[in-house]
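File shown: my_file36.pdb. Contents: PDB, C-alpha atoms.
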ATOM      1  CA  MET A   1     241.644 157.309 241.659
ATOM      2  CA  VAL A   2     242.283 160.818 242.934
ATOM      3  CA  LEU A   3     244.632 160.941 245.948
ATOM      4  CA  LYS A   4     243.123 162.602 249.003
ATOM      5  CA  GLY A   5     244.514 163.447 252.438
ATOM      6  CA  ARG A   6     244.737 166.044 255.160
ATOM      7  CA  ILE A   7     247.300 168.506 256.473
ATOM      8  CA  VAL A   8     248.741 167.036 259.669
ATOM      9  CA  LYS A   9     251.200 169.841 260.394
ATOM     10  CA  LYS A  10     251.934 173.332 259.129
ATOM     11  CA  LEU A  11     255.736 173.646 259.207
ATOM     12  CA  ASP A  12     256.042 177.301 258.212
ATOM     13  CA  GLU A  13     254.379 179.795 255.916
ATOM     14  CA  TYR A  14     255.472 177.841 252.826
ATOM     15  CA  LYS A  15     255.441 174.185 253.886
ATOM     16  CA  VAL A  16     252.950 171.659 255.257
ATOM     17  CA  VAL A  17     253.018 167.938 256.068
ATOM     18  CA  VAL A  18     250.284 165.839 254.469
ATOM     19  CA  ASN A  19     249.222 162.349 255.605
ATOM     20  CA  ILE A  20     249.779 160.611 252.251
ATOM     21  CA  GLY A  21     253.042 159.142 250.991
ATOM     22  CA  TYR A  22     254.529 156.865 248.361
ATOM     23  CA  ILE A  23     252.696 153.865 249.830
ATOM     24  CA  ASP A  24     249.511 155.612 248.663
ATOM     25  CA  GLY A  25     250.913 156.159 245.161
ATOM     26  CA  LEU A  26     252.059 159.754 245.654
ATOM     27  CA  LYS A  27     254.751 160.830 243.194
ATOM     28  CA  LYS A  28     257.036 163.867 243.196
ATOM     29  CA  ASP A  29     255.635 165.306 239.950
ATOM     30  CA  MET A  30     252.010 165.323 241.143
ATOM     31  CA  ARG A  31     250.247 168.575 241.976
ATOM     32  CA  PHE A  32     247.783 169.104 244.823
ATOM     33  CA  ILE A  33     245.274 171.619 246.148
ATOM     34  CA  ILE A  34     244.310 172.569 249.687
ATOM     35  CA  TYR A  35     240.575 173.169 249.873
ATOM     36  CA  GLU A  36     237.566 173.365 252.109
ATOM     37  CA  GLU A  37     234.122 172.062 251.357
ATOM     38  CA  GLY A  38     231.104 174.308 250.852
ATOM     39  CA  GLU A  39     227.489 173.716 249.861
ATOM     40  CA  GLU A  40     226.331 170.549 248.139
ATOM     41  CA  ILE A  41     226.057 170.829 244.362
ATOM     42  CA  THR A  42     223.168 169.115 242.597
ATOM     43  CA  ASP A  43     222.068 168.962 238.990
ATOM     44  CA  PRO A  44     218.768 170.940 239.042
ATOM     45  CA  GLU A  45     217.295 168.842 236.226
ATOM     46  CA  THR A  46     218.074 165.341 237.454
ATOM     47  CA  GLY A  47     218.663 165.988 241.157
ATOM     48  CA  GLU A  48     221.959 164.096 240.923
ATOM     49  CA  SER A  49     224.414 165.035 243.652
ATOM     50  CA  LEU A  50     227.722 166.216 242.229
ATOM     51  CA  GLY A  51     229.534 166.494 245.555
ATOM     52  CA  ARG A  52     230.320 169.473 247.729
ATOM     53  CA  LEU A  53     231.645 172.731 246.352
ATOM     54  CA  GLU A  54     235.435 172.873 246.694
ATOM     55  CA  ILE A  55     236.778 176.239 247.799
ATOM     56  CA  VAL A  56     240.457 176.191 246.837
ATOM     57  CA  LYS A  57     242.801 177.815 249.359
ATOM     58  CA  ALA A  58     246.156 177.077 247.736
ATOM     59  CA  LYS A  59     248.093 174.926 245.298
ATOM     60  CA  ILE A  60     250.914 172.800 246.667
ATOM     61  CA  LYS A  61     253.530 170.380 245.332
ATOM     62  CA  PRO A  62     255.572 167.567 246.952
ATOM     63  CA  LEU A  63     258.978 168.543 248.283
ATOM     64  CA  HIS A  64     259.938 165.353 250.119
ATOM     65  CA  VAL A  65     257.949 162.125 249.791
ATOM     66  CA  GLN A  66     258.103 159.559 252.614
ATOM     67  CA  GLU A  67     256.296 156.266 253.107
ATOM     68  CA  ARG A  68     253.148 157.649 254.739
ATOM     69  CA  ILE A  69     253.656 161.407 254.849
ATOM     70  CA  THR A  70     254.859 164.086 252.450
ATOM     71  CA  ILE A  71     256.255 167.552 252.970
ATOM     72  CA  MET A  72     254.600 169.828 250.439
ATOM     73  CA  GLU A  73     255.349 173.435 249.598
ATOM     74  CA  SER A  74     253.418 176.303 248.092
ATOM     75  CA  ALA A  75     252.972 176.083 244.332
ATOM     76  CA  ASN A  76     251.534 179.567 244.084
ATOM     77  CA  TYR A  77     253.829 181.963 242.307
ATOM     78  CA  LYS A  78     253.827 185.534 241.176
ATOM     79  CA  LYS A  79     255.850 186.840 238.307
ATOM     80  CA  ALA A  80     258.621 189.230 239.307
ATOM     81  CA  LEU A  81     258.098 192.755 238.041
ATOM     82  CA  PHE A  82     261.812 193.235 237.401
ATOM     83  CA  PRO A  83     263.728 190.023 236.599
ATOM     84  CA  THR A  84     267.050 189.609 238.394
ATOM     85  CA  LEU A  85     269.843 191.130 236.338
ATOM     86  CA  PHE A  86     272.321 188.253 236.319
ATOM     87  CA  SER A  87     270.035 185.241 236.150
ATOM     88  CA  ASP A  88     266.976 184.445 234.118
ATOM     89  CA  LYS A  89     265.758 181.780 236.533
ATOM     90  CA  PRO A  90     264.098 183.394 239.548
ATOM     91  CA  ILE A  91     261.519 185.432 237.668
ATOM     92  CA  TYR A  92     258.722 183.695 239.562
ATOM     93  CA  THR A  93     258.556 184.326 243.294
ATOM     94  CA  GLN A  94     257.043 181.643 245.478
ATOM     95  CA  LEU A  95     254.101 182.960 247.465
ATOM     96  CA  PRO A  96     253.473 181.887 251.070
ATOM     97  CA  LEU A  97     250.454 179.774 251.884
ATOM     98  CA  PRO A  98     247.440 181.826 252.995
ATOM     99  CA  ASP A  99     246.917 182.240 256.750
ATOM    100  CA  SER A 100     243.648 180.322 256.400
ATOM    101  CA  VAL A 101     245.616 177.091 255.692
ATOM    102  CA  LYS A 102     245.666 175.033 258.901
ATOM    103  CA  GLU A 103     246.085 171.534 260.289
ATOM    104  CA  GLY A 104     243.168 169.303 259.339
ATOM    105  CA  ASP A 105     242.538 171.007 255.982
ATOM    106  CA  LEU A 106     241.626 168.756 253.084
ATOM    107  CA  VAL A 107     244.190 168.047 250.362
ATOM    108  CA  ARG A 108     243.673 166.288 247.059
ATOM    109  CA  GLU A 109     245.476 165.652 243.807
ATOM    110  CA  ASP A 110     244.866 168.383 241.239
ATOM    111  CA  ILE A 111     243.500 166.513 238.263
ATOM    112  CA  SER A 112     243.356 169.550 235.999
TER     113      SER A 112
ATOM    114  CA  MET B   1     295.934 203.775 243.492
ATOM    115  CA  PHE B   2     292.751 201.796 243.545
ATOM    116  CA  LEU B   3     292.777 199.053 240.819
ATOM    117  CA  GLY B   4     296.016 200.560 239.583
ATOM    118  CA  ILE B   5     294.252 203.577 238.152
ATOM    119  CA  SER B   6     296.922 206.215 238.500
ATOM    120  CA  SER B   7     296.358 208.149 235.327
ATOM    121  CA  LYS B   8     293.574 208.967 232.873
ATOM    122  CA  GLU B   9     295.063 206.424 230.414
ATOM    123  CA  ASN B  10     294.930 203.608 232.941
ATOM    124  CA  TYR B  11     291.439 204.640 233.924
ATOM    125  CA  PHE B  12     290.241 204.072 230.335
ATOM    126  CA  LYS B  13     292.137 200.754 230.149
ATOM    127  CA  VAL B  14     290.239 199.474 233.143
ATOM    128  CA  ALA B  15     286.985 200.846 231.756
ATOM    129  CA  TRP B  16     287.420 199.055 228.403
ATOM    130  CA  MET B  17     288.542 195.894 230.138
ATOM    131  CA  LEU B  18     285.355 195.949 232.174
ATOM    132  CA  LEU B  19     283.337 196.577 229.018
ATOM    133  CA  ALA B  20     285.026 193.579 227.339
ATOM    134  CA  ILE B  21     284.145 191.394 230.314
ATOM    135  CA  PHE B  22     280.559 192.602 230.193
ATOM    136  CA  SER B  23     280.434 191.985 226.426
ATOM    137  CA  ALA B  24     281.676 188.423 226.924
ATOM    138  CA  ILE B  25     278.915 187.839 229.447
ATOM    139  CA  LEU B  26     276.477 189.400 227.016
ATOM    140  CA  VAL B  27     277.400 187.038 224.176
ATOM    141  CA  SER B  28     277.598 183.888 226.260
ATOM    142  CA  THR B  29     274.356 184.369 228.157
ATOM    143  CA  ASP B  30     272.098 186.322 225.829
ATOM    144  CA  PHE B  31     272.181 189.324 228.122
ATOM    145  CA  LYS B  32     271.112 192.587 226.647
ATOM    146  CA  ILE B  33     272.661 195.947 227.476
ATOM    147  CA  LEU B  34     269.899 198.318 228.386
ATOM    148  CA  LYS B  35     272.128 201.298 229.122
ATOM    149  CA  PHE B  36     275.844 202.088 228.902
ATOM    150  CA  GLY B  37     276.960 205.469 230.079
ATOM    151  CA  VAL B  38     279.233 207.659 232.104
ATOM    152  CA  PHE B  39     278.364 209.316 235.359
ATOM    153  CA  GLY B  40     281.205 211.608 236.344
ATOM    154  CA  LYS B  41     284.255 209.318 236.376
ATOM    155  CA  LEU B  42     282.116 206.245 236.821
ATOM    156  CA  TYR B  43     281.292 204.021 233.886
ATOM    157  CA  PHE B  44     278.131 202.041 234.269
ATOM    158  CA  VAL B  45     276.437 199.240 232.397
ATOM    159  CA  ILE B  46     272.868 198.182 233.016
ATOM    160  CA  MET B  47     272.214 194.727 231.666
ATOM    161  CA  ALA B  48     269.187 192.507 231.692
ATOM    162  CA  PRO B  49     268.565 188.935 230.538
ATOM    163  CA  GLU B  50     265.848 190.261 228.315
ATOM    164  CA  ILE B  51     266.577 188.314 225.133
ATOM    165  CA  ASN B  52     266.856 185.032 226.991
ATOM    166  CA  GLN B  53     263.809 185.952 229.018
ATOM    167  CA  SER B  54     261.707 186.684 225.976
ATOM    168  CA  LYS B  55     262.771 183.340 224.475
ATOM    169  CA  LYS B  56     261.741 181.601 227.664
ATOM    170  CA  GLU B  57     258.381 183.332 227.786
ATOM    171  CA  SER B  58     257.693 182.633 224.125
ATOM    172  CA  LEU B  59     258.393 178.949 224.699
ATOM    173  CA  GLU B  60     256.182 178.937 227.796
ATOM    174  CA  HIS B  61     253.318 180.413 225.756
ATOM    175  CA  LEU B  62     253.890 177.897 222.987
ATOM    176  CA  ILE B  63     253.876 174.975 225.434
ATOM    177  CA  GLU B  64     250.682 176.238 227.067
ATOM    178  CA  ASP B  65     249.111 176.703 223.638
ATOM    179  CA  PHE B  66     249.896 173.128 222.615
ATOM    180  CA  ARG B  67     248.816 171.766 226.011
ATOM    181  CA  LEU B  68     245.372 173.308 225.507
ATOM    182  CA  LYS B  69     245.181 172.286 221.844
ATOM    183  CA  TYR B  70     245.991 168.703 222.776
ATOM    184  CA  TYR B  71     243.609 168.419 225.730
ATOM    185  CA  SER B  72     240.754 170.123 223.853
ATOM    186  CA  LYS B  73     241.160 167.798 220.905
ATOM    187  CA  TYR B  74     241.537 164.799 223.216
ATOM    188  CA  TYR B  75     238.332 165.753 225.068
ATOM    189  CA  HIS B  76     236.564 166.115 221.706
ATOM    190  CA  GLU B  77     237.617 162.618 220.616
ATOM    191  CA  ALA B  78     237.344 160.783 223.955
ATOM    192  CA  THR B  79     233.887 162.084 224.857
ATOM    193  CA  ASN B  80     232.488 162.304 221.334
ATOM    194  CA  ASN B  81     232.247 166.090 221.780
ATOM    195  CA  LYS B  82     229.944 165.846 224.773
ATOM    196  CA  GLU B  83     227.992 168.992 225.634
ATOM    197  CA  LEU B  84     228.145 169.793 229.331
ATOM    198  CA  LYS B  85     225.095 171.076 231.155
ATOM    199  CA  VAL B  86     225.326 174.357 233.072
ATOM    200  CA  ILE B  87     224.033 173.663 236.577
ATOM    201  CA  LYS B  88     224.774 176.934 238.334
ATOM    202  CA  ILE B  89     225.366 180.514 237.245
ATOM    203  CA  ASP B  90     227.054 182.902 239.624
ATOM    204  CA  ASP B  91     227.700 186.209 237.859
ATOM    205  CA  ASP B  92     230.791 185.578 235.702
ATOM    206  CA  SER B  93     231.392 182.025 236.813
ATOM    207  CA  ILE B  94     229.409 178.883 236.079
ATOM    208  CA  LEU B  95     229.426 175.272 237.213
ATOM    209  CA  LEU B  96     229.103 172.422 234.721
ATOM    210  CA  ASN B  97     227.946 168.886 235.350
ATOM    211  CA  ALA B  98     231.175 167.046 234.498
ATOM    212  CA  SER B  99     230.119 163.670 235.831
ATOM    213  CA  GLY B 100     232.035 160.980 233.944
ATOM    214  CA  VAL B 101     234.210 163.370 231.937
ATOM    215  CA  SER B 102     236.120 165.328 234.585
ATOM    216  CA  GLN B 103     239.313 163.396 233.836
ATOM    217  CA  TYR B 104     239.364 164.978 230.363
ATOM    218  CA  LEU B 105     238.917 168.543 231.599
ATOM    219  CA  LYS B 106     242.037 170.638 232.146
ATOM    220  CA  ARG B 107     242.589 174.115 233.481
ATOM    221  CA  GLY B 108     242.496 176.745 230.723
ATOM    222  CA  MET B 109     240.377 174.740 228.260
ATOM    223  CA  LYS B 110     237.784 176.937 226.573
ATOM    224  CA  PHE B 111     234.072 176.202 226.142
ATOM    225  CA  LYS B 112     231.441 178.130 224.189
ATOM    226  CA  ILE B 113     228.246 178.620 226.167
ATOM    227  CA  TYR B 114     225.002 178.143 224.244
ATOM    228  CA  LYS B 115     221.359 178.584 225.103
ATOM    229  CA  ILE B 116     219.250 175.491 224.501
ATOM    230  CA  ASP B 117     216.135 175.737 222.331
ATOM    231  CA  SER B 118     213.438 173.112 221.873
ATOM    232  CA  LEU B 119     212.559 172.286 218.290
ATOM    233  CA  GLU B 120     209.458 170.354 217.275
ATOM    234  CA  ILE B 121     209.763 167.779 214.534
ATOM    235  CA  PRO B 122     206.442 168.025 212.637
ATOM    236  CA  GLU B 123     206.268 164.438 211.326
ATOM    237  CA  SER B 124     206.973 162.682 214.588
ATOM    238  CA  GLN B 125     205.601 165.367 216.942
ATOM    239  CA  GLU B 126     208.739 164.954 218.988
ATOM    240  CA  THR B 127     210.838 167.789 220.367
ATOM    241  CA  ILE B 128     214.573 167.893 220.357
ATOM    242  CA  GLU B 129     216.824 170.271 222.237
ATOM    243  CA  VAL B 130     219.547 172.016 220.257
ATOM    244  CA  PRO B 131     222.122 174.647 221.185
ATOM    245  CA  SER B 132     221.141 177.942 219.548
ATOM    246  CA  MET B 133     222.429 181.378 220.570
ATOM    247  CA  GLU B 134     226.062 181.628 221.693
ATOM    248  CA  LEU B 135     226.151 183.552 224.959
ATOM    249  CA  GLY B 136     229.847 183.667 225.748
ATOM    250  CA  MET B 137     233.116 181.877 226.205
ATOM    251  CA  GLY B 138     234.165 180.100 229.408
ATOM    252  CA  GLU B 139     237.591 178.991 230.611
ATOM    253  CA  VAL B 140     238.067 176.060 232.971
ATOM    254  CA  GLU B 141     239.345 177.265 236.345
ATOM    255  CA  HIS B 142     238.755 174.295 238.629
ATOM    256  CA  VAL B 143     237.882 170.651 238.076
ATOM    257  CA  ALA B 144     236.298 168.522 240.806
ATOM    258  CA  GLU B 145     235.264 164.874 240.586
ATOM    259  CA  LYS B 146     231.798 165.558 239.155
ATOM    260  CA  TYR B 147     231.680 169.238 238.298
ATOM    261  CA  ALA B 148     233.858 171.954 236.795
ATOM    262  CA  LYS B 149     234.008 175.680 237.445
ATOM    263  CA  LEU B 150     234.473 178.037 234.510
ATOM    264  CA  ASN B 151     235.063 181.782 234.351
ATOM    265  CA  VAL B 152     232.913 183.255 231.596
ATOM    266  CA  LYS B 153     233.107 186.315 229.407
ATOM    267  CA  TRP B 154     229.490 186.908 228.422
ATOM    268  CA  LYS B 155     228.535 188.501 225.149
ATOM    269  CA  LYS B 156     225.640 191.006 225.086
ATOM    270  CA  TYR B 157     223.128 188.781 226.829
ATOM    271  CA  LYS B 158     223.944 187.876 230.399
ATOM    272  CA  PRO B 159     221.838 184.935 231.544
ATOM    273  CA  ASN B 160     219.282 185.261 234.284
ATOM    274  CA  THR B 161     220.348 182.930 237.082
ATOM    275  CA  SER B 162     216.912 181.655 238.062
ATOM    276  CA  ILE B 163     215.537 181.230 234.530
ATOM    277  CA  ASP B 164     218.522 180.049 232.530
ATOM    278  CA  GLU B 165     220.156 177.485 234.804
ATOM    279  CA  ALA B 166     219.812 174.077 233.202
ATOM    280  CA  LYS B 167     218.952 175.718 229.885
ATOM    281  CA  LEU B 168     222.530 176.349 228.905
ATOM    282  CA  VAL B 169     225.195 173.989 227.647
ATOM    283  CA  ALA B 170     228.956 174.276 227.171
ATOM    284  CA  VAL B 171     230.649 172.981 224.024
ATOM    285  CA  VAL B 172     234.419 172.626 223.877
ATOM    286  CA  TYR B 173     236.102 175.264 221.716
ATOM    287  CA  ILE B 174     238.699 174.020 219.246
ATOM    288  CA  ASP B 175     240.355 176.384 216.770
ATOM    289  CA  ASP B 176     240.306 175.649 213.038
ATOM    290  CA  ASP B 177     243.921 174.414 212.908
ATOM    291  CA  THR B 178     243.414 172.002 215.766
ATOM    292  CA  ILE B 179     240.139 170.503 214.602
ATOM    293  CA  HIS B 180     241.917 168.889 211.629
ATOM    294  CA  SER B 181     244.959 167.836 213.665
ATOM    295  CA  ASP B 182     245.555 164.454 215.197
ATOM    296  CA  ALA B 183     245.546 164.406 219.020
ATOM    297  CA  ASP B 184     248.636 162.158 219.102
ATOM    298  CA  ASP B 185     250.572 164.585 216.885
ATOM    299  CA  LEU B 186     249.638 167.487 219.156
ATOM    300  CA  ARG B 187     250.767 165.465 222.174
ATOM    301  CA  GLN B 188     254.126 164.730 220.528
ATOM    302  CA  VAL B 189     254.756 168.411 219.787
ATOM    303  CA  TYR B 190     253.766 169.290 223.356
ATOM    304  CA  ASP B 191     256.159 166.686 224.794
ATOM    305  CA  VAL B 192     259.059 167.814 222.573
ATOM    306  CA  LEU B 193     258.559 171.468 223.532
ATOM    307  CA  LYS B 194     258.433 170.529 227.195
ATOM    308  CA  ARG B 195     261.675 168.550 226.896
ATOM    309  CA  ILE B 196     263.412 171.536 225.236
ATOM    310  CA  TYR B 197     262.199 173.829 227.997
ATOM    311  CA  ILE B 198     263.343 171.488 230.773
ATOM    312  CA  SER B 199     266.761 170.961 229.157
ATOM    313  CA  LYS B 200     267.369 174.714 228.959
ATOM    314  CA  TRP B 201     265.644 176.105 232.026
ATOM    315  CA  GLY B 202     265.036 173.126 234.265
TER     316      GLY B 202
END
Structure re-expressed in structure tokens:
Amino acid sequence: MVLKGRIVKKLDEYKVVVNIGYIDGLKKDMRFIIYEEGEEITDPETGESLGRLEIVKAKIKPLHVQERITIMESANYKKALFPTLFSDKPIYTQLPLPDSVKEGDLVREDIS
Amino acid sequence: MFLGISSKENYFKVAWMLLAIFSAILVSTDFKILKFGVFGKLYFVIMAPEINQSKKESLEHLIEDFRLKYYSKYYHEATNNKELKVIKIDDDSILLNASGVSQYLKRGMKFKIYKIDSLEIPESQETIEVPSMELGMGEVEHVAEKYAKLNVKWKKYKPNTSIDEAKLVAVVYIDDDTIHSDADDLRQVYDVLKRIYISKWG
């Protein structure tokens, strides 16, 4: 079962609070997407509904998991053009969440 | 004087001492000296963690390669190589009907896109649909519960949206080495590589 929730608070440009927690089965190593729904997708041959088109706004990952809520942070990164001279670790820079991310946005586990 | 440099001799002592310190860092951390030179009375060393970095990137590529090999092979086995129907074409992206198989689809997996042709079987007067011309290669970008979005590099023939929708299928692409490999073996290699990466770079 894919975990689904909503953003209940945008803390800053990198972090949001989501209304799912460990009571729902959320684990620290899971990955999530923030998305909005678009048109309905149907199979033109059979007419079967395949759900609404998901327009992905951002990828996020759990930072602090509580019973019913979780603080998640941006999991969008860009590779640094010039790696830091004295450390090989921070070659990926965390990107802020897009401005379009807001309270009430849909969140679900990234199954891919 | 500053750092005890009161003569030319002492100046070189300090310079070589600094070079020794830099060399020690170089050996212990895989740093690479990009440039060592003199600018007036100032010695300078430009170093970069390039060797370590290239090792890290190579391992990242290897892990990603094995992740895709494993999931492609696993999809092939778990779904009995199910062809997925193209349900929407939007320029260089397509949607596939992934109902029932979305759990096996992972970002980056590659699919060959084929046009479907109807063949008549003379004896039985039945028609069967078979994939014929390969039109391009798609890469999974997004997986939803019942559909998947792929970015496609088309070959010469770019499908006509209104005519070709529902006449195309996607077949998972597995390279020659992987097709004869066991999915469990690929998974083990993937897990080992991931453990090495985490132990070294966290």
Determine the residue set returned by the PyMOL selection byres ((chain A and resi 27) around 10) for the present structure, and present it as a PyMOL selection string. chain A and resi 21-26+28-31+61-62+64-65+70
Mind telling me what the PyMOL selection byres ((chain B and resi 69) around 12) catches here, as a count of residues only? 37
Students should find that CA of Gly138 in chain B and CA of Val171 in chain B are spaced 9.6 Å
Would you translate the PyMOL selection byres ((chain A and resi 98) around 8) into the concrete set of residues it matches in this file, as a short mmCIF file (atom, residue, chain, number, x, y, z; two decimals) with C-alpha atoms, in the frame of the given file?
data_model
loop_
_atom_site.label_atom_id
_atom_site.label_comp_id
_atom_site.auth_asym_id
_atom_site.auth_seq_id
_atom_site.Cartn_x
_atom_site.Cartn_y
_atom_site.Cartn_z
CA GLU A 13 254.38 179.80 255.92
CA LYS A 57 242.80 177.82 249.36
CA ALA A 58 246.16 177.08 247.74
CA PRO A 96 253.47 181.89 251.07
CA LEU A 97 250.45 179.77 251.88
CA ASP A 99 246.92 182.24 256.75
CA SER A 100 243.65 180.32 256.40
CA VAL A 101 245.62 177.09 255.69
#
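Using only C-alpha atoms, the nearest neighbour of Ser49 in chain A within the list B:Lys146, B:Val169, B:Ile116, B:Ile196 is B:Lys146.
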Around (242.7, 160.4, 246.7) in the file's own coordinates, what residues are found within 12 Å if you use all atoms listed in the file, given back as a count of residues only? 23
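CA of Asp43 in chain A sits 6.9 Å away from CA of Asn97 in chain B.
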Mind checking which residues fall within 12 Å of Ile198 in chain B, counting all atoms listed in the file, ignoring those fewer than 3 positions away in the same chain, and posting them as a PDB file with C-alpha atoms, in the frame of the given file?
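Output file selection-v3.pdb follows:
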ATOM      1  CA  LYS B  56     261.741 181.601 227.664  1.00  0.00           C
ATOM      2  CA  LEU B  59     258.393 178.949 224.699  1.00  0.00           C
ATOM      3  CA  GLU B  60     256.182 178.937 227.796  1.00  0.00           C
ATOM      4  CA  ILE B  63     253.876 174.975 225.434  1.00  0.00           C
ATOM      5  CA  ASP B 191     256.159 166.686 224.794  1.00  0.00           C
ATOM      6  CA  VAL B 192     259.059 167.814 222.573  1.00  0.00           C
ATOM      7  CA  LEU B 193     258.559 171.468 223.532  1.00  0.00           C
ATOM      8  CA  LYS B 194     258.433 170.529 227.195  1.00  0.00           C
ATOM      9  CA  ARG B 195     261.675 168.550 226.896  1.00  0.00           C
ATOM     10  CA  TRP B 201     265.644 176.105 232.026  1.00  0.00           C
ATOM     11  CA  GLY B 202     265.036 173.126 234.265  1.00  0.00           C
TER      12      GLY B 202
END
Excluding Lys78 in chain A and any residue of its chain fewer than 3 positions from it, enumerate the residues within 7 Å of it, using only C-alpha atoms, and give them as a ChimeraX atom specification. /A:92-95
Pick from B:Lys149, B:Lys115, B:Lys156, B:Lys85 nearest to Met133 in chain B, counting only C-alpha atoms: B:Lys115
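Proximity of A:Ile41, A:Ile34, A:Val18, A:Val8 to chain B, computed with all atoms listed in the file, is greatest for A:Ile41.
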My list of candidates is B:Gln125, B:Lys167, B:Ser99, B:Gly136. Which is closest to Gly51 in chain A when distances are computed with all atoms listed in the file? B:Ser99
